[in-house]
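Visitor: Just so it is clear, I am handing over start_22.txt, which has compact mmCIF, C-alpha atoms and all ligand atoms.
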```txt
# COMPACT_ATOMS: atom_id res chain seq x y z
CA MET A 1 -33.84 23.98 154.58
CA GLY A 2 -30.29 23.10 155.64
CA GLU A 3 -27.90 20.51 154.27
CA HIS A 4 -29.67 17.24 153.55
CA PHE A 5 -29.54 14.35 151.12
CA CYS A 6 -30.97 14.22 147.63
CA PHE A 7 -31.83 10.83 146.20
CA VAL A 8 -31.86 10.15 142.47
CA GLY A 9 -33.35 6.88 141.22
CA ASN A 10 -36.42 5.17 139.88
CA GLN A 11 -38.32 1.89 139.84
CA GLU A 12 -36.20 -0.97 138.55
CA LEU A 13 -37.60 -4.13 136.98
CA ASN A 14 -39.15 -5.33 140.25
CA GLY A 15 -41.02 -2.08 140.81
CA ILE A 16 -38.64 -1.07 143.61
CA VAL A 17 -37.11 2.40 143.65
CA ARG A 18 -33.32 2.24 143.80
CA GLY A 19 -30.61 4.83 143.23
CA ARG A 20 -28.03 6.97 145.04
CA SER A 21 -28.16 10.04 147.26
CA VAL A 22 -25.83 13.01 147.39
CA PRO A 23 -25.58 16.00 149.77
CA SER A 24 -27.81 18.89 148.73
CA ALA A 25 -24.72 21.02 147.98
CA ARG A 26 -24.15 18.72 144.99
CA ARG A 27 -27.79 18.71 143.90
CA ASP A 28 -27.59 21.18 141.01
CA THR A 29 -24.53 19.52 139.49
CA VAL A 30 -26.11 16.08 139.78
CA LEU A 31 -29.44 17.24 138.30
CA GLU A 32 -27.45 18.45 135.32
CA SER A 33 -25.04 15.58 134.75
CA GLY A 34 -26.51 12.57 136.57
CA LEU A 35 -24.78 9.86 138.58
CA PRO A 36 -23.01 6.65 137.59
CA TRP A 37 -24.95 3.42 138.11
CA VAL A 38 -24.49 -0.31 137.63
CA PRO A 39 -26.57 -1.96 134.85
CA ALA A 40 -27.20 -5.15 136.83
CA ASN A 41 -28.78 -3.06 139.63
CA ILE A 42 -32.01 -2.78 137.64
CA THR A 43 -32.49 -6.53 138.17
CA ILE A 44 -31.84 -6.85 141.94
CA GLY A 45 -34.82 -8.82 143.22
CA ALA A 46 -37.28 -7.93 145.96
CA LEU A 47 -35.26 -10.11 148.34
CA ASN A 48 -32.03 -8.33 147.36
CA THR A 49 -30.54 -11.04 145.20
CA LEU A 50 -29.18 -10.60 141.70
CA PRO A 51 -30.70 -13.05 139.22
CA PRO A 52 -27.92 -15.50 138.33
CA ASP A 53 -28.88 -15.23 134.65
CA ASN A 54 -29.15 -11.43 134.55
CA PRO A 55 -27.73 -10.35 131.18
CA PHE A 56 -25.35 -7.71 132.57
CA GLY A 57 -23.15 -9.54 135.06
CA PRO A 58 -20.51 -7.38 136.76
CA VAL A 59 -19.64 -5.41 133.64
CA GLY A 60 -20.62 -1.98 132.35
CA GLU A 61 -21.74 1.42 133.54
CA ILE A 62 -24.89 3.45 132.99
CA ARG A 63 -26.12 6.80 134.34
CA LEU A 64 -29.01 7.94 136.45
CA MET A 65 -30.20 10.98 134.48
CA PRO A 66 -32.55 13.03 136.70
CA ILE A 67 -35.96 14.33 135.61
CA PRO A 68 -35.91 17.57 137.63
CA ASP A 69 -39.74 18.06 137.48
CA ALA A 70 -40.41 14.60 138.88
CA ALA A 71 -39.41 15.20 142.47
CA ILE A 72 -40.71 15.38 146.03
CA THR A 73 -39.25 16.47 149.35
CA LEU A 74 -39.97 14.24 152.30
CA THR A 75 -40.13 16.05 155.59
CA ASN A 76 -42.23 15.87 158.71
CA GLY A 77 -40.92 19.13 160.11
CA THR A 78 -38.59 17.49 162.63
CA THR A 79 -36.37 14.99 160.80
CA PRO A 80 -34.08 16.44 158.11
CA ALA A 81 -35.60 16.66 154.65
CA TYR A 82 -34.86 14.07 152.01
CA ASP A 83 -35.38 14.83 148.33
CA ILE A 84 -36.37 12.18 145.83
CA THR A 85 -35.86 12.98 142.15
CA LEU A 86 -36.80 10.37 139.58
CA CYS A 87 -34.49 9.55 136.72
CA GLU A 88 -34.11 7.69 133.48
CA PHE A 89 -31.54 4.93 133.27
CA ALA A 90 -29.31 6.21 130.46
CA GLN A 91 -26.09 5.23 128.75
CA SER A 92 -22.99 6.69 130.36
CA ASP A 93 -22.92 9.55 127.83
CA GLY A 94 -26.51 10.44 128.85
CA SER A 95 -28.20 9.08 125.69
CA ALA A 96 -31.16 6.66 125.81
CA TRP A 97 -30.47 3.13 127.11
CA THR A 98 -32.35 0.14 125.68
CA CYS A 99 -33.21 -1.20 129.18
CA CYS A 100 -34.82 1.91 130.67
CA PRO A 101 -38.53 1.39 131.50
CA ARG A 102 -39.32 5.13 131.37
CA THR A 103 -37.72 5.36 127.93
CA ALA A 104 -39.80 2.35 126.80
CA LEU A 105 -42.97 4.14 127.92
CA LYS A 106 -42.03 7.31 126.02
CA ALA A 107 -41.55 5.25 122.84
CA ALA A 108 -44.96 3.55 123.27
CA ILE A 109 -46.72 6.90 123.80
CA ASP A 110 -45.01 8.31 120.69
CA ASP A 111 -45.89 5.31 118.56
CA LEU A 112 -49.54 5.43 119.62
CA GLU A 113 -49.77 9.09 118.69
CA THR A 114 -47.86 8.95 115.41
CA GLN A 115 -49.56 5.77 114.19
CA THR A 116 -53.14 6.52 115.25
CA GLY A 117 -53.36 10.19 116.23
CA LEU A 118 -54.61 9.09 119.66
CA THR A 119 -53.38 10.13 123.07
CA LEU A 120 -54.08 8.48 126.38
CA LYS A 121 -54.98 9.84 129.80
CA VAL A 122 -54.35 7.63 132.78
CA ALA A 123 -55.49 7.69 136.42
CA LEU A 124 -54.22 4.99 138.75
CA GLU A 125 -55.86 3.66 141.89
CA HIS A 126 -53.74 1.89 144.49
CA GLU A 127 -54.98 -0.15 147.41
CA PHE A 128 -52.70 -0.71 150.38
CA THR A 129 -52.67 -1.96 153.92
CA VAL A 130 -51.73 0.27 156.85
CA ARG A 131 -50.49 -1.45 160.00
CA GLY A 132 -50.21 0.19 163.41
CA LEU A 133 -53.17 2.57 163.17
CA ASN A 134 -54.92 3.33 166.39
CA THR A 135 -58.27 1.78 165.57
CA ILE A 136 -60.64 -0.67 167.22
CA ASN A 137 -62.59 -1.58 164.12
CA HIS A 138 -61.82 -0.69 160.52
CA ILE A 139 -65.37 -0.17 159.26
CA ALA A 140 -65.13 -0.23 155.47
CA PHE A 141 -65.73 3.14 153.77
CA SER A 142 -66.70 4.75 157.10
CA PRO A 143 -65.76 8.19 158.36
CA SER A 144 -64.22 6.56 161.45
CA ALA A 145 -61.72 4.56 159.37
CA GLY A 146 -61.28 7.54 157.04
CA ARG A 147 -60.53 9.82 159.98
CA VAL A 148 -58.00 7.41 161.48
CA GLY A 149 -56.24 7.14 158.11
CA SER A 150 -56.33 10.88 157.57
CA VAL A 151 -53.25 11.37 159.80
CA LEU A 152 -51.34 9.66 157.03
CA ALA A 153 -53.34 11.17 154.17
CA GLU A 154 -52.71 14.73 155.38
CA ARG A 155 -48.95 14.23 155.49
CA VAL A 156 -48.94 12.71 152.05
CA LEU A 157 -51.03 15.53 150.59
CA THR A 158 -48.68 18.11 152.11
CA ILE A 159 -45.68 16.43 150.49
CA LEU A 160 -47.36 16.14 147.08
CA ASP A 161 -48.79 19.65 147.23
CA LYS A 162 -45.28 21.13 147.54
CA SER A 163 -44.45 19.39 144.25
CA GLY A 164 -47.55 20.77 142.54
CA PHE A 165 -49.88 17.79 142.42
CA THR A 166 -52.52 16.12 144.53
CA LEU A 167 -54.76 13.06 144.80
CA ASP A 168 -58.37 12.67 143.70
CA GLN A 169 -59.38 10.47 146.65
CA PHE A 170 -58.20 8.77 149.82
CA VAL A 171 -60.69 6.08 150.83
CA ALA A 172 -61.01 3.66 153.76
CA GLU A 173 -61.32 0.45 151.72
CA TYR A 174 -62.97 -2.89 152.42
CA GLY A 175 -60.18 -4.93 154.04
CA PRO A 176 -58.76 -4.55 157.58
CA GLY A 177 -56.48 -1.49 157.62
CA GLN A 178 -56.95 -1.18 153.86
CA TYR A 179 -56.97 2.23 152.18
CA GLU A 180 -57.06 3.35 148.59
CA ILE A 181 -55.68 6.37 146.82
CA ALA A 182 -56.83 7.57 143.41
CA GLY A 183 -54.47 9.71 141.35
CA GLN A 184 -55.66 12.47 139.07
CA PRO A 185 -55.96 11.78 135.32
CA ALA A 186 -52.78 12.78 133.50
CA GLU A 187 -50.83 11.88 130.40
CA PRO A 188 -49.19 8.47 130.94
CA LEU A 189 -45.62 9.55 131.65
CA GLN A 190 -46.70 12.11 134.21
CA ALA A 191 -49.17 9.66 135.74
CA ALA A 192 -46.37 7.09 136.09
CA ASP A 193 -43.90 9.56 137.64
CA ARG A 194 -46.52 10.82 140.08
CA THR A 195 -47.44 7.27 141.01
CA VAL A 196 -43.85 6.40 141.91
CA LEU A 197 -43.50 9.59 143.97
CA THR A 198 -46.86 9.13 145.70
CA LEU A 199 -46.06 5.56 146.75
CA GLU A 200 -42.73 6.70 148.18
CA ALA A 201 -44.47 9.58 149.99
CA ILE A 202 -46.99 7.15 151.52
CA ARG A 203 -44.34 4.68 152.67
CA HIS A 204 -42.13 7.38 154.20
CA ALA A 205 -44.96 9.35 155.81
CA ALA A 206 -46.25 6.11 157.34
CA ALA A 207 -42.79 5.22 158.69
CA ASP A 208 -42.44 8.70 160.21
CA LEU A 209 -45.75 8.13 162.04
CA GLY A 210 -44.61 4.74 163.33
CA LEU A 211 -46.93 2.97 160.87
CA GLN A 212 -46.27 0.61 158.01
CA ALA A 213 -47.91 1.05 154.61
CA SER A 214 -47.67 -1.98 152.35
CA PHE A 215 -48.87 -2.37 148.77
CA LEU A 216 -48.28 -6.13 148.76
CA PRO A 217 -50.97 -7.64 146.49
CA LYS A 218 -52.08 -10.33 148.95
CA PRO A 219 -51.12 -9.59 152.57
CA ALA A 220 -53.04 -12.59 153.94
CA ASN A 221 -54.80 -15.50 152.28
CA ASP A 222 -58.08 -14.80 154.03
CA GLN A 223 -58.13 -11.07 153.26
CA VAL A 224 -58.97 -9.11 150.14
CA GLY A 225 -56.02 -8.15 147.98
CA ASN A 226 -54.40 -4.83 147.21
CA GLY A 227 -54.94 -4.10 143.54
CA VAL A 228 -53.86 -1.42 141.15
CA HIS A 229 -56.64 -0.31 138.84
CA VAL A 230 -55.55 1.59 135.76
CA HIS A 231 -58.24 3.90 134.41
CA PHE A 232 -57.41 5.06 130.93
CA SER A 233 -59.20 7.03 128.24
CA LEU A 234 -58.39 7.57 124.57
CA TRP A 235 -58.42 11.08 123.17
CA ARG A 236 -58.49 12.57 119.72
CA GLY A 237 -57.46 16.16 120.34
CA HIS A 238 -59.80 17.42 123.06
CA GLU A 239 -62.40 14.71 122.53
CA ASN A 240 -62.63 11.66 124.75
CA VAL A 241 -63.32 8.86 122.22
CA THR A 242 -63.34 5.95 124.70
CA VAL A 243 -67.08 5.23 124.90
CA ASP A 244 -69.93 5.61 122.46
CA LYS A 245 -73.51 4.61 123.35
CA GLU A 246 -72.39 2.93 126.58
CA TRP A 247 -69.84 0.69 124.82
CA VAL A 248 -66.49 0.84 123.08
CA ASP A 249 -66.08 0.83 119.31
CA GLY A 250 -63.88 2.18 116.50
CA ASP A 251 -60.23 2.60 117.53
CA ALA A 252 -61.17 2.31 121.20
CA GLY A 253 -62.75 -1.08 120.44
CA GLY A 254 -59.58 -2.21 118.65
CA PHE A 255 -57.49 -0.99 121.59
CA LEU A 256 -59.66 -2.94 124.03
CA ALA A 257 -59.60 -6.07 121.85
CA GLY A 258 -55.79 -5.81 121.65
CA ILE A 259 -55.61 -5.79 125.46
CA LEU A 260 -57.73 -8.93 125.77
CA ASP A 261 -55.85 -10.60 122.93
CA ALA A 262 -52.51 -9.96 124.66
CA ALA A 263 -53.83 -10.57 128.19
CA LYS A 264 -51.00 -12.98 129.03
CA PRO A 265 -47.99 -10.84 128.05
CA LEU A 266 -49.76 -7.84 129.58
CA THR A 267 -50.21 -9.78 132.81
CA PHE A 268 -46.59 -10.93 132.73
CA LEU A 269 -45.44 -7.29 132.61
CA SER A 270 -47.92 -5.82 135.06
CA VAL A 271 -48.40 -8.53 137.71
CA THR A 272 -44.91 -9.09 138.84
CA SER A 273 -44.50 -11.01 142.07
CA PRO A 274 -45.38 -14.64 142.90
CA ASN A 275 -47.46 -13.21 145.77
CA SER A 276 -49.56 -11.41 143.13
CA TYR A 277 -51.08 -14.67 141.97
CA ALA A 278 -52.56 -15.40 145.39
CA ARG A 279 -54.75 -12.35 144.75
CA TYR A 280 -56.01 -13.95 141.56
CA LYS A 281 -59.14 -15.48 143.02
CA PRO A 282 -62.50 -15.39 141.24
CA GLN A 283 -65.18 -13.37 143.05
CA SER A 284 -62.63 -11.06 144.65
CA TRP A 285 -63.33 -8.20 142.23
CA VAL A 286 -59.90 -8.66 140.70
CA GLY A 287 -61.05 -9.42 137.16
CA THR A 288 -59.33 -12.73 136.55
CA TYR A 289 -61.41 -13.71 133.52
CA ILE A 290 -60.08 -12.37 130.21
CA CYS A 291 -63.03 -10.25 129.17
CA ALA A 292 -64.45 -6.75 129.25
CA GLY A 293 -67.75 -5.82 130.85
CA LEU A 294 -69.88 -2.74 131.18
CA ARG A 295 -69.50 -1.63 134.82
CA ASN A 296 -68.45 -5.21 135.64
CA ARG A 297 -65.83 -5.56 138.43
CA GLU A 298 -65.25 -9.23 137.69
CA ALA A 299 -64.05 -8.45 134.16
CA MET A 300 -60.37 -7.89 133.45
CA VAL A 301 -61.38 -4.58 131.87
CA ARG A 302 -64.36 -2.71 133.29
CA ILE A 303 -65.97 -0.16 131.00
CA VAL A 304 -66.94 2.97 132.92
CA PRO A 305 -69.02 5.40 130.81
CA ARG A 306 -69.86 7.82 133.70
CA GLN A 307 -72.26 10.68 132.92
CA PRO A 308 -73.14 11.47 129.27
CA ASP A 309 -73.30 15.13 128.28
CA ARG A 310 -76.25 16.82 126.58
CA ASN A 311 -75.14 15.59 123.15
CA GLY A 312 -74.90 11.98 124.26
CA ALA A 313 -71.07 12.00 124.37
CA TYR A 314 -69.16 10.57 127.35
CA PRO A 315 -66.44 13.09 128.18
CA ALA A 316 -65.47 11.43 131.49
CA ALA A 317 -65.53 7.80 130.31
CA SER A 318 -62.67 5.40 130.99
CA MET A 319 -61.73 1.77 130.68
CA GLU A 320 -60.32 0.23 133.84
CA TYR A 321 -57.64 -2.45 133.64
CA ARG A 322 -58.12 -4.15 137.01
CA THR A 323 -55.68 -7.02 137.39
CA SER A 324 -52.34 -5.28 137.93
CA ASP A 325 -50.69 -4.52 141.24
CA ALA A 326 -47.95 -2.43 142.82
CA THR A 327 -45.19 -5.02 142.44
CA ALA A 328 -45.08 -4.01 138.77
CA ASN A 329 -42.81 -1.37 137.37
CA VAL A 330 -45.48 1.22 136.53
CA TYR A 331 -43.68 2.39 133.37
CA LEU A 332 -43.59 -1.16 132.00
CA MET A 333 -47.21 -1.76 133.01
CA LEU A 334 -48.32 1.26 130.98
CA THR A 335 -45.95 0.42 128.12
CA ALA A 336 -47.51 -3.05 127.87
CA LEU A 337 -51.05 -1.63 128.02
CA ILE A 338 -50.35 0.85 125.21
CA ARG A 339 -48.46 -1.68 123.07
CA ALA A 340 -51.26 -4.26 123.42
CA GLY A 341 -53.90 -1.65 122.53
CA LEU A 342 -51.91 -0.30 119.59
CA ASP A 343 -51.42 -3.84 118.23
CA GLY A 344 -55.20 -4.31 118.44
CA ILE A 345 -55.89 -1.11 116.46
CA LYS A 346 -53.27 -1.98 113.84
CA ALA A 347 -54.71 -5.50 113.42
CA ASP A 348 -58.18 -3.96 113.06
CA LEU A 349 -59.55 -6.20 115.81
CA ALA A 350 -63.28 -5.99 116.41
CA SER A 351 -64.54 -4.64 119.70
CA PRO A 352 -65.38 -7.49 122.10
CA LYS A 353 -68.89 -8.04 123.44
CA SER A 354 -69.67 -6.92 126.96
CA VAL A 355 -69.76 -9.66 129.57
CA ALA A 356 -72.58 -8.67 131.85
CA GLN A 357 -72.26 -11.35 134.55
CA ASP A 358 -69.68 -12.56 137.02
CA PRO A 359 -68.00 -15.27 134.88
CA ALA A 360 -67.42 -17.46 137.96
CA THR A 361 -71.18 -17.88 138.38
CA LEU A 362 -71.66 -19.30 134.86
CA ASP A 363 -71.48 -23.02 134.23
CA GLU A 364 -68.51 -24.42 132.33
CA ASP A 365 -70.44 -24.92 129.07
CA THR A 366 -71.69 -21.34 129.05
CA ARG A 367 -68.18 -20.04 129.76
CA LYS A 368 -66.88 -22.15 126.88
CA SER A 369 -69.55 -20.85 124.50
CA MET A 370 -68.52 -17.29 125.44
CA ALA A 371 -64.79 -18.19 125.08
CA LEU A 372 -64.20 -17.00 128.65
CA GLN A 373 -60.73 -17.94 129.84
CA HIS A 374 -59.25 -17.51 133.30
CA LEU A 375 -55.83 -15.85 133.58
CA PRO A 376 -52.95 -18.21 134.51
CA ALA A 377 -52.80 -19.05 138.19
CA SER A 378 -49.02 -18.58 138.60
CA MET A 379 -46.14 -16.66 137.11
CA ASP A 380 -44.26 -19.70 135.80
CA GLU A 381 -47.26 -20.54 133.60
CA LEU A 382 -46.74 -17.19 131.91
CA ILE A 383 -43.13 -17.83 130.91
CA THR A 384 -43.94 -19.21 127.45
CA ASP A 385 -42.51 -18.61 123.97
CA ASP A 386 -45.59 -16.69 122.92
CA VAL A 387 -45.46 -14.38 125.95
CA MET A 388 -41.73 -13.82 125.52
CA ALA A 389 -42.17 -13.02 121.81
CA HIS A 390 -44.63 -10.25 122.75
CA VAL A 391 -42.31 -8.98 125.48
CA SER A 392 -39.34 -8.72 123.06
CA ASP A 393 -41.53 -7.11 120.43
CA TRP A 394 -42.85 -4.52 122.90
CA LEU A 395 -39.68 -3.83 124.92
CA GLY A 396 -36.82 -5.00 122.70
CA GLN A 397 -34.59 -8.04 123.28
CA ASP A 398 -32.30 -6.47 125.91
CA LEU A 399 -35.00 -5.21 128.26
CA GLY A 400 -37.06 -8.35 127.64
CA ALA A 401 -34.13 -10.60 128.67
CA ALA A 402 -33.37 -8.52 131.77
CA TYR A 403 -37.03 -8.58 132.81
CA LEU A 404 -37.27 -12.33 132.30
CA SER A 405 -34.22 -12.92 134.50
CA CYS A 406 -36.03 -11.04 137.30
CA ARG A 407 -39.18 -13.11 137.00
CA ARG A 408 -37.23 -16.36 136.97
CA ASN A 409 -35.44 -15.18 140.10
CA ASP A 410 -38.84 -14.56 141.75
CA VAL A 411 -40.10 -17.99 140.78
CA ARG A 412 -36.95 -19.57 142.24
CA HIS A 413 -37.36 -17.75 145.58
CA ALA A 414 -41.04 -18.57 145.81
CA GLN A 415 -40.30 -22.30 145.42
CA ASP A 416 -38.44 -22.29 148.76
CA MET A 417 -41.14 -20.52 150.76
CA ASP A 418 -44.76 -20.98 151.72
CA PHE A 419 -47.34 -18.22 151.24
CA GLU A 420 -46.92 -16.77 154.76
CA GLN A 421 -43.12 -16.60 154.65
CA LEU A 422 -43.10 -14.94 151.27
CA ALA A 423 -45.88 -12.51 152.20
CA GLN A 424 -44.04 -11.55 155.36
CA GLN A 425 -40.78 -10.87 153.52
CA LEU A 426 -42.29 -9.09 150.56
CA GLY A 427 -44.70 -7.13 152.76
CA THR A 428 -41.82 -5.02 154.07
CA VAL A 429 -40.51 -4.37 150.54
CA TYR A 430 -43.68 -3.47 148.70
N1 LIG B 501 -59.42 -5.30 146.31
C1 LIG B 501 -59.80 -5.63 144.95
C2 LIG B 501 -58.55 -5.95 144.15
O1 LIG B 501 -57.78 -6.68 144.60
C3 LIG B 501 -60.58 -4.52 144.29
C4 LIG B 501 -61.80 -4.04 144.99
C5 LIG B 501 -62.37 -2.80 144.35
O2 LIG B 501 -63.03 -2.88 143.33
O3 LIG B 501 -62.07 -1.70 144.83
O4 LIG B 501 -58.31 -5.49 143.07
MG MG B 502 -60.75 -0.39 145.57
```
Starting from the file, give its structure as structure tokens.
Guide:
Amino acid sequence: MGEHFCFVGNQELNGIVRGRSVPSARRDTVLESGLPWVPANITIGALNTLPPDNPFGPVGEIRLMPIPDAAITLTNGTTPAYDITLCEFAQSDGSAWTCCPRTALKAAIDDLETQTGLTLKVALEHEFTVRGLNTINHIAFSPSAGRVGSVLAERVLTILDKSGFTLDQFVAEYGPGQYEIAGQPAEPLQAADRTVLTLEAIRHAAADLGLQASFLPKPANDQVGNGVHVHFSLWRGHENVTVDKEWVDGDAGGFLAGILDAAKPLTFLSVTSPNSYARYKPQSWVGTYICAGLRNREAMVRIVPRQPDRNGAYPAASMEYRTSDATANVYLMLTALIRAGLDGIKADLASPKSVAQDPATLDEDTRKSMALQHLPASMDELITDDVMAHVSDWLGQDLGAAYLSCRRNDVRHAQDMDFEQLAQQLGTVY
């Protein structure tokens, strides 16, 4: 491969990958020592505006410190290659910076393990819309739609394969031009890195084919949304301790209760764009009621036992957090999930009861008796003292303040636009 450019960067607080690229001749030096970066750049909004109240202003300098193993090379055999290497946002001397999302995730993983002895495995599913495919009718889950999408899937797999990982599935989903990828289970940091790289691979491979791949949560008001479903399992050593007798108890029950208890701050950190809330419709399999349910796709957390083994254990079980989407920074999404769960274990919360029905079909009195609450219908409703206290506790004051400035910026932009305008603009970003 001849001279080409090597990009170093990562998802900032709007879930958008930003960074700098250098000629490949400089690659080794840069992988070693990083590149200078501007603190405020982690807050640039999806519409390329700096939040007026971002805490950094024009001052300061940080460093993009590359993670050499978290890299892909984009090439279609004809255009020059382009390397993407993910990084941490570090202080200028290379040490940890309080506002780095990847660093926040590492701290959450460490705390979970040291305080409970538990580790987590994560597998993320992403839905997205592909425009420009040569198809007469996108028949959901059919081989015809699968085959049409496979031109894209094959390119993506080739890119990922060269970096030593792959996908579990590539599915022709329900909506027009909608596909879904499922990542392989991995420890959370690796799952997050691979997610960022996979999404970039999909966007670039689609562009090379003259297509557009968009992960926007709600591309059109009358179409199903594009969700991100986070499957996670709790492990004690080599034992999956997520499910016992088709439900969740012990530490896993506390973890699940912690997630439901902190549903609002978790949503604030994992459902990031004003467009996201248009996806929040009951009976769209999004899981907008704050509850957990055995195999229930209208619960915020679906419990998925899968096959028991001969001893009645569930080695492949997972819980599935269903409400997030790809406008989130995936490191912060997983940080919030782990922090909420850990808080639940530490507070000794009891495992919730399974909600077996679609909550939207129950009458108001029944919902009340089951304490079933709907998630807030817009982002501004989530900017409350209680939510912000959780965010500061989980991420620290500095990162919390920077993140809040981004969300306020989003709310401000959304006020000036109707659904279609915003969806059109954000659809080319996400
Ligand atoms: N498209 C739905 C969502 O927005 C999910 C459908 C499914 O369960 O795959 O999350
Ligand atoms: Mg799906």
Visitor: Please check which protein, DNA or RNA residues sit within 9 Å of ligand MG 502 (chain B), counting all atoms listed in the file, and write them as number ranges by chain.
Guide: A: 125-127, 171, 173-174, 179-181, 226-229, 285
Visitor: Give me, as an NGL selection string, all polymer residues having an atom no more than 9 Å from stretch 94-97 of chain A, counting only C-alpha atoms and skipping those fewer than 5 positions away in the same chain.
Guide: :A and (33-34 or 62-65 or 88-89 or 103)
Visitor: How many Å lie between atom CA of A:Leu189 and atom CA of A:Tyr403, rounded to one decimal?
Guide: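 Result for atom CA of A:Leu189 versus atom CA of A:Tyr403: 20.1 Å, one decimal.
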Visitor: Just the number, please: distance in Å from atom CA of A:Cys87 to atom CA of A:Asn10, one decimal.
Guide: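 Straight-line distance from atom CA of A:Cys87 to atom CA of A:Asn10 works out to 5.7 Å.
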Visitor: Please determine, counting all atoms listed in the file, which residue among A:Val286, A:Leu332, A:Leu216, A:Ala104 has the shortest atom-to-atom distance to A:Glu298.
Guide: A:Val286
Visitor: Please output stretch 343-361 of chain A, rebuilt to include N, CA and C atoms, as a tab-separated table (two decimals), in the frame of the given file.
Guide:
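Below you can see rebuild20.tsv, which holds the result:
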```tsv
chain	number	residue	atom	x	y	z
A	343	ASP	N	-51.39	-2.63	119.08
A	343	ASP	CA	-51.42	-3.84	118.23
A	343	ASP	C	-52.85	-4.15	117.80
A	344	GLY	N	-53.79	-4.01	118.73
A	344	GLY	CA	-55.20	-4.31	118.44
A	344	GLY	C	-55.76	-3.37	117.38
A	345	ILE	N	-55.41	-2.08	117.47
A	345	ILE	CA	-55.89	-1.11	116.46
A	345	ILE	C	-55.28	-1.45	115.11
A	346	LYS	N	-53.94	-1.72	115.12
A	346	LYS	CA	-53.27	-1.98	113.84
A	346	LYS	C	-53.80	-3.25	113.17
A	347	ALA	N	-54.18	-4.24	113.98
A	347	ALA	CA	-54.71	-5.50	113.42
A	347	ALA	C	-56.20	-5.38	113.11
A	348	ASP	N	-56.76	-4.19	113.36
A	348	ASP	CA	-58.18	-3.96	113.06
A	348	ASP	C	-59.09	-4.94	113.81
A	349	LEU	N	-58.74	-5.25	115.03
A	349	LEU	CA	-59.55	-6.20	115.81
A	349	LEU	C	-60.91	-5.60	116.12
A	350	ALA	N	-61.92	-6.46	116.11
A	350	ALA	CA	-63.28	-5.99	116.41
A	350	ALA	C	-63.46	-5.83	117.91
A	351	SER	N	-64.27	-4.86	118.27
A	351	SER	CA	-64.54	-4.64	119.70
A	351	SER	C	-65.20	-5.88	120.31
A	352	PRO	N	-64.75	-6.31	121.48
A	352	PRO	CA	-65.38	-7.49	122.10
A	352	PRO	C	-66.79	-7.16	122.60
A	353	LYS	N	-67.54	-8.23	122.86
A	353	LYS	CA	-68.89	-8.04	123.44
A	353	LYS	C	-68.75	-7.83	124.95
A	354	SER	N	-69.69	-7.11	125.51
A	354	SER	CA	-69.67	-6.92	126.96
A	354	SER	C	-70.09	-8.19	127.68
A	355	VAL	N	-69.35	-8.55	128.71
A	355	VAL	CA	-69.76	-9.66	129.57
A	355	VAL	C	-70.47	-9.04	130.78
A	356	ALA	N	-71.75	-9.38	130.88
A	356	ALA	CA	-72.58	-8.67	131.85
A	356	ALA	C	-72.60	-9.34	133.22
A	357	GLN	N	-72.15	-10.62	133.28
A	357	GLN	CA	-72.26	-11.35	134.55
A	357	GLN	C	-70.89	-11.57	135.17
A	358	ASP	N	-70.92	-12.08	136.40
A	358	ASP	CA	-69.68	-12.56	137.02
A	358	ASP	C	-69.37	-13.91	136.37
A	359	PRO	N	-68.26	-14.02	135.61
A	359	PRO	CA	-68.00	-15.27	134.88
A	359	PRO	C	-67.93	-16.50	135.79
A	360	ALA	N	-67.54	-16.31	137.06
A	360	ALA	CA	-67.42	-17.46	137.96
A	360	ALA	C	-68.78	-18.09	138.27
A	361	THR	N	-69.86	-17.34	138.06
A	361	THR	CA	-71.18	-17.88	138.38
A	361	THR	C	-71.81	-18.64	137.19
```
